[in-house]
Amino acid sequence: MNPIVEASHLTKRYRTVTAVDDVTFTIDANKVYGLLGRNGAGKTTLMSLLTAQDFASDGEIRVFGQSPVENAKVLQNVSFIRESQRYPEDFKAKHVLKSAPWFFPNWDADFAERLVDEFRLPTNRTIKKLSRGQLSAVGVIVGLASRAPLTFFDEPYLGLDAVARQLFYDRLLADIAEHPRTVILSTHLIDEVSDLLEHVLLIDGGRLIVDSDAESLRGSATTVVGMRSTVDEFVADREILHRDGLGGLASVTVGRLSPEDRAAATAAGLEIAPVSLQDLVVRLTNASSKEFQAS
Amino acid sequence: MDEGRPIFQQIAEQIENDIIAGVLAEDQQIPSTNEFAAFLRINPATAAKGVNLLVDAGILYKKRGIGMFVAPGAKDRLVAERRERFSAQFVTPLLQEAAKLGIAPAEIAAMIRQGGTR
């Protein structure tokens with residue numbers, strides 16, 4: 001498959017911090033990516049670089065094979081829904097929806113109208129006066145209806161209630177099934193989206209620490225629970241991601257277990273529990289920050 | 001969805017279960033991958049991967065431009081496969097747990113005859 005985004009040794013330095021630190025990856029066409037990481041990990045900076053809203057200090061970016069900087073041909077195929085999008089003073093949602101087709105050649109006005117109904121967005125109110133959730137709905141609607149071949153959603157759900165978030169996921173799934181495109185979803189609500197993602201990019205401290213397809217991440221870690229001595233014996237020569245204990249009990253998260261490993265653990269009386277993507281991210285980002293402190 | 005296993009495998013298993021239960025009859029069309037994706041709230045590509053697993057195994061067949069159908073004989077084949085796995089999947093763990101609790105095989109047999117109730 002041809003990558004539509006290629007980033008190599010991408011780096012963004014601000015005066016004292018390196019927000020994106022020597023990151024190299026590619027993004028394939030027509031897949032849903034999760035861009036995960038803690039607050040301040042560099043997710044928004046990375047997306048700003050890819051959409052040419054900010055300039056790299058070092059490294060190279062190719063989007064649809066070209067540099068995105070000041071490149072209308074590339075940028076009209078890119079939709080970036082920011083968590084805190086600014087709109088012109090006195091703009092109403094209807095103005096946003098009316099001007100969107102100027103920027104997005106694939107804009108579907110009917111689809112946008114349906115979404116406005118479903119999200120119950122008041123289009124005739126100035127954006128300043130919208131609630132946080134309604135403001136997020138504007139972004140979600142623009143992101144979906146623009147049908148850009150490369151769409152970024154940066155925490156699009158702030159203030160959206162559970163019903164509206166589910167509506168967003170459902171419409172996103174249905175629409176990419178009919179109009180395949182690449183979606184990059186930056187989110188903290190990992191449990192909610194883990195079944196939608198095909199590929200996961202996890203960044204921590206500006207560095208890319210996981211670049212893997214979602215299916216192989218599932219089951220890439222396992223928690224083993226049981227008597228401390230038995231658990232310790234079982235995990236002795238394995239890499240330990242996380243350790244917890246209560247009295248004589250221990251709960252240790254290790255890497256992938258083979259069917260034989262599982263059988264051995266069960267035979268030894270240990271319980272085996274899968275680790276969700278969310279837990280895995282929590283453990284990986286904790287572990288790497290500890291390593292960081294140690295070095 | 002179960003966290004520990006690949007989603008596409010679970011999709012394939014659900015379709016298999018429906019074939020075994022007779023919900024999906026032979027030569028009947030199954031829902032499209034997009035319908036599966038929307039219903040189960042998973043990525044359409046993942047749903048397609050699960051369906052293709054069964055196409056490769058000959059459980060489903062493809063009619064170009066129409067969709068996926070249950071292959072003739074699919075139910076018998078699946079039942080035979082599941083029967084083969086039954087012992088390893090259900091009886092072995094049962095015996096392991098029973099051994100842990102000191103329940104003798106004869107007692108287990110009695111429980112089974114009573115239909116599991118005590």
# chains A, B, ... in the order shown; residues from 1 in each chain; ligands from 1
>>> closest_atom_pairs(of="chain A", to="chain B", cutoff="6 Å", atoms="only C-alpha atoms", output="tab-separated table")
residue	atom	partner	partner_atom	distance
A:Asp195	CA	B:Ile42	CA	5.0
A:Leu196	CA	B:Asn43	CA	4.6
A:Glu215	CA	B:Pro6	CA	5.4
A:Arg218	CA	B:Gly4	CA	5.9
A:Gly219	CA	B:Gly4	CA	4.8
A:Pro274	CA	B:Gly4	CA	4.7
A:Ser276	CA	B:Glu3	CA	5.8
>>> write_last_selection(atoms="C-alpha atoms", output="PDB file, in the first residue's frame")
ATOM      1  CA  ASP A 195     -12.506  -1.239  18.362  1.00  0.00           C
ATOM      2  CA  LEU A 196     -12.554   1.435  15.645  1.00  0.00           C
ATOM      3  CA  GLU A 215      -4.842  -6.242  16.162  1.00  0.00           C
ATOM      4  CA  ARG A 218      -4.411  -6.706  21.356  1.00  0.00           C
ATOM      5  CA  GLY A 219      -2.973  -9.551  23.350  1.00  0.00           C
ATOM      6  CA  PRO A 274      -6.114  -9.633  29.001  1.00  0.00           C
ATOM      7  CA  SER A 276      -7.053  -3.500  27.248  1.00  0.00           C
TER       8      SER A 276
END
>>> select_by_dssp(residues="chain B", states="strand (DSSP E)", output="list of chain:residue names")
B:Leu60, B:Tyr61, B:Lys62, B:Lys63, B:Gly67, B:Met68, B:Phe69, B:Val70
>>> write_last_selection(atoms="N, CA and C atoms", output="PDB file, in the first residue's frame")
ATOM      1  N   LEU B  60     -17.747 -19.701   3.803  1.00  0.00           N
ATOM      2  CA  LEU B  60     -18.557 -18.739   3.057  1.00  0.00           C
ATOM      3  C   LEU B  60     -18.064 -18.724   1.619  1.00  0.00           C
ATOM      4  N   TYR B  61     -18.955 -18.350   0.702  1.00  0.00           N
ATOM      5  CA  TYR B  61     -18.482 -18.109  -0.660  1.00  0.00           C
ATOM      6  C   TYR B  61     -19.000 -16.759  -1.146  1.00  0.00           C
ATOM      7  N   LYS B  62     -18.257 -16.254  -2.121  1.00  0.00           N
ATOM      8  CA  LYS B  62     -18.500 -14.894  -2.590  1.00  0.00           C
ATOM      9  C   LYS B  62     -19.222 -14.932  -3.920  1.00  0.00           C
ATOM     10  N   LYS B  63     -20.291 -14.151  -4.041  1.00  0.00           N
ATOM     11  CA  LYS B  63     -20.866 -13.947  -5.372  1.00  0.00           C
ATOM     12  C   LYS B  63     -20.514 -12.537  -5.776  1.00  0.00           C
ATOM     13  N   GLY B  67     -22.585 -10.410  -2.801  1.00  0.00           N
ATOM     14  CA  GLY B  67     -22.218 -10.495  -1.394  1.00  0.00           C
ATOM     15  C   GLY B  67     -21.699 -11.862  -1.022  1.00  0.00           C
ATOM     16  N   MET B  68     -21.747 -12.136   0.280  1.00  0.00           N
ATOM     17  CA  MET B  68     -21.213 -13.383   0.817  1.00  0.00           C
ATOM     18  C   MET B  68     -22.360 -14.317   1.185  1.00  0.00           C
ATOM     19  N   PHE B  69     -22.158 -15.610   0.936  1.00  0.00           N
ATOM     20  CA  PHE B  69     -23.196 -16.601   1.227  1.00  0.00           C
ATOM     21  C   PHE B  69     -22.596 -17.761   2.017  1.00  0.00           C
ATOM     22  N   VAL B  70     -23.476 -18.443   2.761  1.00  0.00           N
ATOM     23  CA  VAL B  70     -23.037 -19.605   3.527  1.00  0.00           C
ATOM     24  C   VAL B  70     -22.865 -20.780   2.561  1.00  0.00           C
TER      25      VAL B  70
END
>>> closest_residue(among="A:Pro156, A:Pro3, A:Pro259, A:Gly42", to="Leu189 (chain A)", atoms="only C-alpha atoms")
A:Pro156
>>> atom_distance(atom1="CA of Asp18 (chain B)", atom2="CA of Ile59 (chain B)")
12.0 Å
>>> closest_residue(among="A:Asp154, A:Asn39, A:Pro122, A:Gly59", to="His95 (chain A)", atoms="only C-alpha atoms")
A:Pro122
>>> residues_around(residues="Leu158 (chain A)", least_positions_apart="3", cutoff="12 Å", atoms="only C-alpha atoms", output="PyMOL selection string")
chain A and resi 82-85+131-140+153-155+161-162+164-165+186-189
>>> write_last_selection(atoms="N, CA and C atoms", output="mmCIF file, in the first residue's frame")
data_model
loop_
_atom_site.group_PDB
_atom_site.id
_atom_site.type_symbol
_atom_site.label_atom_id
_atom_site.label_comp_id
_atom_site.auth_asym_id
_atom_site.auth_seq_id
_atom_site.Cartn_x
_atom_site.Cartn_y
_atom_site.Cartn_z
ATOM 1 N N ARG A 82 -9.474 20.867 15.106
ATOM 2 C CA ARG A 82 -8.739 21.132 16.337
ATOM 3 C C ARG A 82 -9.676 21.100 17.529
ATOM 4 N N GLU A 83 -9.084 20.800 18.645
ATOM 5 C CA GLU A 83 -9.851 20.768 19.873
ATOM 6 C C GLU A 83 -10.369 22.180 20.193
ATOM 7 N N SER A 84 -9.551 23.194 19.971
ATOM 8 C CA SER A 84 -10.014 24.552 20.257
ATOM 9 C C SER A 84 -9.897 25.382 18.985
ATOM 10 N N GLN A 85 -10.804 25.124 18.060
ATOM 11 C CA GLN A 85 -10.800 25.842 16.792
ATOM 12 C C GLN A 85 -11.288 27.278 17.032
ATOM 13 N N SER A 131 -22.453 26.100 23.685
ATOM 14 C CA SER A 131 -21.844 25.379 24.802
ATOM 15 C C SER A 131 -20.604 24.649 24.281
ATOM 16 N N ARG A 132 -19.777 24.177 25.211
ATOM 17 C CA ARG A 132 -18.562 23.450 24.823
ATOM 18 C C ARG A 132 -18.915 22.247 23.939
ATOM 19 N N GLY A 133 -19.964 21.541 24.314
ATOM 20 C CA GLY A 133 -20.364 20.371 23.536
ATOM 21 C C GLY A 133 -20.842 20.753 22.146
ATOM 22 N N GLN A 134 -21.598 21.839 22.055
ATOM 23 C CA GLN A 134 -22.094 22.274 20.740
ATOM 24 C C GLN A 134 -20.927 22.725 19.854
ATOM 25 N N LEU A 135 -19.945 23.361 20.487
ATOM 26 C CA LEU A 135 -18.759 23.794 19.751
ATOM 27 C C LEU A 135 -18.029 22.571 19.186
ATOM 28 N N SER A 136 -17.927 21.524 20.009
ATOM 29 C CA SER A 136 -17.304 20.292 19.531
ATOM 30 C C SER A 136 -18.113 19.693 18.389
ATOM 31 N N ALA A 137 -19.438 19.791 18.488
ATOM 32 C CA ALA A 137 -20.297 19.247 17.433
ATOM 33 C C ALA A 137 -20.025 19.947 16.100
ATOM 34 N N VAL A 138 -19.772 21.263 16.136
ATOM 35 C CA VAL A 138 -19.452 21.976 14.893
ATOM 36 C C VAL A 138 -18.230 21.333 14.241
ATOM 37 N N GLY A 139 -17.204 21.093 15.061
ATOM 38 C CA GLY A 139 -15.979 20.479 14.546
ATOM 39 C C GLY A 139 -16.228 19.095 13.978
ATOM 40 N N VAL A 140 -16.982 18.295 14.722
ATOM 41 C CA VAL A 140 -17.258 16.928 14.292
ATOM 42 C C VAL A 140 -17.997 16.928 12.951
ATOM 43 N N PHE A 153 -8.786 14.392 13.696
ATOM 44 C CA PHE A 153 -9.663 14.843 14.778
ATOM 45 C C PHE A 153 -8.820 14.922 16.040
ATOM 46 N N ASP A 154 -8.633 16.134 16.552
ATOM 47 C CA ASP A 154 -7.843 16.295 17.773
ATOM 48 C C ASP A 154 -8.799 16.423 18.952
ATOM 49 N N GLU A 155 -8.946 15.375 19.714
ATOM 50 C CA GLU A 155 -9.874 15.331 20.835
ATOM 51 C C GLU A 155 -11.192 16.022 20.494
ATOM 52 N N ASP A 161 -21.797 14.826 25.104
ATOM 53 C CA ASP A 161 -22.304 13.809 26.010
ATOM 54 C C ASP A 161 -22.131 12.428 25.378
ATOM 55 N N ALA A 162 -22.433 11.380 26.184
ATOM 56 C CA ALA A 162 -22.192 10.006 25.730
ATOM 57 C C ALA A 162 -22.992 9.697 24.464
ATOM 58 N N ALA A 164 -23.932 11.791 22.081
ATOM 59 C CA ALA A 164 -23.338 12.474 20.928
ATOM 60 C C ALA A 164 -22.020 11.827 20.522
ATOM 61 N N ARG A 165 -21.269 11.346 21.517
ATOM 62 C CA ARG A 165 -20.002 10.687 21.176
ATOM 63 C C ARG A 165 -20.270 9.398 20.408
ATOM 64 N N SER A 186 -7.075 11.631 17.573
ATOM 65 C CA SER A 186 -6.294 11.797 18.784
ATOM 66 C C SER A 186 -7.270 11.818 19.944
ATOM 67 N N THR A 187 -7.079 10.940 20.897
ATOM 68 C CA THR A 187 -8.093 10.827 21.943
ATOM 69 C C THR A 187 -7.510 10.295 23.236
ATOM 70 N N HIS A 188 -8.176 10.664 24.336
ATOM 71 C CA HIS A 188 -7.855 10.067 25.639
ATOM 72 C C HIS A 188 -8.864 8.995 26.005
ATOM 73 N N LEU A 189 -9.999 8.986 25.299
ATOM 74 C CA LEU A 189 -11.050 8.009 25.617
ATOM 75 C C LEU A 189 -10.774 6.738 24.829
#
>>> atom_distance(atom1="CA of Asp54 (chain A)", atom2="CA of Ala145 (chain A)")
24.6 Å
>>> residues_around(residues="Glu60 (chain A)", least_positions_apart="2", cutoff="12 Å", atoms="only C-alpha atoms", output="list in words")
Val5, Glu6, Ala7, Ser8, His9, Leu10, Thr11, Lys12, Asp22, Val23, Thr24, Phe25, Thr26, Leu49, Leu50, Ala52, Phe55, Ala56, Ser57, Asp58, Arg62, Val63, Gly65, Gln66, Ser67, Pro68 and Val69 of chain A
>>> write_last_selection(atoms="N, CA and C atoms", output="PDB file, in the first residue's frame")
ATOM      1  N   VAL A   5       1.132   9.631   4.002  1.00  0.00           N
ATOM      2  CA  VAL A   5       1.943  10.541   4.807  1.00  0.00           C
ATOM      3  C   VAL A   5       3.254   9.834   5.104  1.00  0.00           C
ATOM      4  N   GLU A   6       4.352  10.558   4.886  1.00  0.00           N
ATOM      5  CA  GLU A   6       5.656  10.028   5.275  1.00  0.00           C
ATOM      6  C   GLU A   6       6.365  11.092   6.101  1.00  0.00           C
ATOM      7  N   ALA A   7       6.659  10.770   7.311  1.00  0.00           N
ATOM      8  CA  ALA A   7       7.396  11.699   8.168  1.00  0.00           C
ATOM      9  C   ALA A   7       8.718  11.041   8.514  1.00  0.00           C
ATOM     10  N   SER A   8       9.815  11.771   8.303  1.00  0.00           N
ATOM     11  CA  SER A   8      11.096  11.172   8.681  1.00  0.00           C
ATOM     12  C   SER A   8      11.916  12.145   9.519  1.00  0.00           C
ATOM     13  N   HIS A   9      12.334  11.643  10.646  1.00  0.00           N
ATOM     14  CA  HIS A   9      13.142  12.397  11.627  1.00  0.00           C
ATOM     15  C   HIS A   9      12.522  13.741  11.955  1.00  0.00           C
ATOM     16  N   LEU A  10      11.207  13.754  12.032  1.00  0.00           N
ATOM     17  CA  LEU A  10      10.478  14.984  12.270  1.00  0.00           C
ATOM     18  C   LEU A  10      10.747  15.492  13.678  1.00  0.00           C
ATOM     19  N   THR A  11      11.109  16.745  13.785  1.00  0.00           N
ATOM     20  CA  THR A  11      11.441  17.326  15.085  1.00  0.00           C
ATOM     21  C   THR A  11      10.895  18.737  15.170  1.00  0.00           C
ATOM     22  N   LYS A  12      10.314  19.068  16.315  1.00  0.00           N
ATOM     23  CA  LYS A  12       9.879  20.441  16.559  1.00  0.00           C
ATOM     24  C   LYS A  12      10.391  20.890  17.915  1.00  0.00           C
ATOM     25  N   ASP A  22      12.395  13.683  16.765  1.00  0.00           N
ATOM     26  CA  ASP A  22      12.961  12.693  15.849  1.00  0.00           C
ATOM     27  C   ASP A  22      11.993  11.542  15.583  1.00  0.00           C
ATOM     28  N   VAL A  23      10.832  11.897  15.029  1.00  0.00           N
ATOM     29  CA  VAL A  23       9.769  10.922  14.830  1.00  0.00           C
ATOM     30  C   VAL A  23       9.707  10.509  13.360  1.00  0.00           C
ATOM     31  N   THR A  24       9.677   9.203  13.117  1.00  0.00           N
ATOM     32  CA  THR A  24       9.613   8.676  11.758  1.00  0.00           C
ATOM     33  C   THR A  24       8.475   7.671  11.665  1.00  0.00           C
ATOM     34  N   PHE A  25       7.571   7.889  10.727  1.00  0.00           N
ATOM     35  CA  PHE A  25       6.483   6.924  10.527  1.00  0.00           C
ATOM     36  C   PHE A  25       5.819   7.189   9.184  1.00  0.00           C
ATOM     37  N   THR A  26       4.957   6.265   8.768  1.00  0.00           N
ATOM     38  CA  THR A  26       4.155   6.484   7.575  1.00  0.00           C
ATOM     39  C   THR A  26       2.699   6.217   7.916  1.00  0.00           C
ATOM     40  N   LEU A  49       2.107  19.973  12.493  1.00  0.00           N
ATOM     41  CA  LEU A  49       3.213  19.881  11.533  1.00  0.00           C
ATOM     42  C   LEU A  49       2.739  19.203  10.241  1.00  0.00           C
ATOM     43  N   LEU A  50       1.962  18.124  10.403  1.00  0.00           N
ATOM     44  CA  LEU A  50       1.524  17.371   9.229  1.00  0.00           C
ATOM     45  C   LEU A  50       0.558  18.178   8.377  1.00  0.00           C
ATOM     46  N   ALA A  52       0.734  21.472   8.159  1.00  0.00           N
ATOM     47  CA  ALA A  52       1.435  22.707   7.806  1.00  0.00           C
ATOM     48  C   ALA A  52       0.885  23.928   8.536  1.00  0.00           C
ATOM     49  N   PHE A  55       5.665  24.776  11.626  1.00  0.00           N
ATOM     50  CA  PHE A  55       6.794  24.360  10.805  1.00  0.00           C
ATOM     51  C   PHE A  55       7.788  23.534  11.597  1.00  0.00           C
ATOM     52  N   ALA A  56       8.299  22.515  10.961  1.00  0.00           N
ATOM     53  CA  ALA A  56       9.223  21.612  11.643  1.00  0.00           C
ATOM     54  C   ALA A  56      10.574  22.281  11.832  1.00  0.00           C
ATOM     55  N   SER A  57      11.244  21.961  12.942  1.00  0.00           N
ATOM     56  CA  SER A  57      12.610  22.451  13.145  1.00  0.00           C
ATOM     57  C   SER A  57      13.580  21.602  12.347  1.00  0.00           C
ATOM     58  N   ASP A  58      13.204  20.343  12.177  1.00  0.00           N
ATOM     59  CA  ASP A  58      14.095  19.391  11.525  1.00  0.00           C
ATOM     60  C   ASP A  58      13.275  18.258  10.929  1.00  0.00           C
ATOM     61  N   ARG A  62       6.164  14.421   3.946  1.00  0.00           N
ATOM     62  CA  ARG A  62       5.529  14.311   2.641  1.00  0.00           C
ATOM     63  C   ARG A  62       4.076  13.936   2.875  1.00  0.00           C
ATOM     64  N   VAL A  63       3.149  14.715   2.353  1.00  0.00           N
ATOM     65  CA  VAL A  63       1.743  14.372   2.444  1.00  0.00           C
ATOM     66  C   VAL A  63       1.238  14.250   1.010  1.00  0.00           C
ATOM     67  N   GLY A  65       2.686  12.704  -1.111  1.00  0.00           N
ATOM     68  CA  GLY A  65       3.913  12.766  -1.899  1.00  0.00           C
ATOM     69  C   GLY A  65       4.563  14.132  -2.018  1.00  0.00           C
ATOM     70  N   GLN A  66       3.943  15.155  -1.407  1.00  0.00           N
ATOM     71  CA  GLN A  66       4.514  16.495  -1.536  1.00  0.00           C
ATOM     72  C   GLN A  66       4.661  17.147  -0.167  1.00  0.00           C
ATOM     73  N   SER A  67       5.429  18.233  -0.130  1.00  0.00           N
ATOM     74  CA  SER A  67       5.493  18.990   1.107  1.00  0.00           C
ATOM     75  C   SER A  67       4.159  19.723   1.296  1.00  0.00           C
ATOM     76  N   PRO A  68       3.584  19.664   2.492  1.00  0.00           N
ATOM     77  CA  PRO A  68       2.285  20.303   2.687  1.00  0.00           C
ATOM     78  C   PRO A  68       2.370  21.827   2.857  1.00  0.00           C
ATOM     79  N   VAL A  69       3.572  22.334   3.104  1.00  0.00           N
ATOM     80  CA  VAL A  69       3.699  23.746   3.452  1.00  0.00           C
ATOM     81  C   VAL A  69       3.277  24.635   2.284  1.00  0.00           C
TER      82      VAL A  69
END
>>> residues_around(residues="Val252 (chain A)", least_positions_apart="4", cutoff="6 Å", atoms="only C-alpha atoms", output="MDAnalysis selection string")
chainID A and resid 223:224 242:243
>>> atom_distance(atom1="CA of Phe234 (chain A)", atom2="CA of Pro105 (chain B)")
29.4 Å
>>> closest_residue(among="B:Val23, B:Met111, B:Ile15, B:Ala104", to="Val55 (chain B)", atoms="only C-alpha atoms")
B:Ile15
>>> residues_around(residues="Leu217 (chain A)", least_positions_apart="4", cutoff="10 Å", atoms="only C-alpha atoms", output="PDB file with C-alpha atoms, in the first residue's frame")
ATOM      1  CA  HIS A 199      -3.418   1.243  13.723  1.00  0.00           C
ATOM      2  CA  VAL A 200      -2.026   2.870  16.840  1.00  0.00           C
ATOM      3  CA  VAL A 210       4.410   2.449  19.609  1.00  0.00           C
ATOM      4  CA  ASP A 211       3.713   2.203  15.866  1.00  0.00           C
ATOM      5  CA  SER A 212       1.704  -0.963  15.452  1.00  0.00           C
ATOM      6  CA  ASP A 213      -1.497  -2.288  13.991  1.00  0.00           C
ATOM      7  CA  ALA A 221       0.353  -7.790  27.010  1.00  0.00           C
ATOM      8  CA  ARG A 256       2.717 -11.585  24.843  1.00  0.00           C
ATOM      9  CA  VAL A 275      -4.892  -6.033  29.037  1.00  0.00           C
ATOM     10  CA  SER A 276      -7.053  -3.500  27.248  1.00  0.00           C
ATOM     11  CA  LEU A 277      -5.526  -1.001  24.849  1.00  0.00           C
ATOM     12  CA  LEU A 280      -1.553  -0.949  27.820  1.00  0.00           C
TER      13      LEU A 280
ATOM     14  CA  GLY B   4      -7.539 -10.453  24.639  1.00  0.00           C
ATOM     15  CA  ARG B   5      -8.223 -11.828  21.170  1.00  0.00           C
ATOM     16  CA  PRO B   6      -8.134 -10.279  17.720  1.00  0.00           C
TER      17      PRO B   6
END
>>> closest_residue(among="A:Leu246, A:Leu121, A:Leu197, A:Ala72", to="Leu160 (chain A)", atoms="only C-alpha atoms")
A:Leu121
>>> residues_around(residues="Asn77 (chain A)", least_positions_apart="6", cutoff="8 Å", atoms="only C-alpha atoms", output="list in words")
Phe104, Pro105, Ala148, Pro149 and Leu150 of chain A
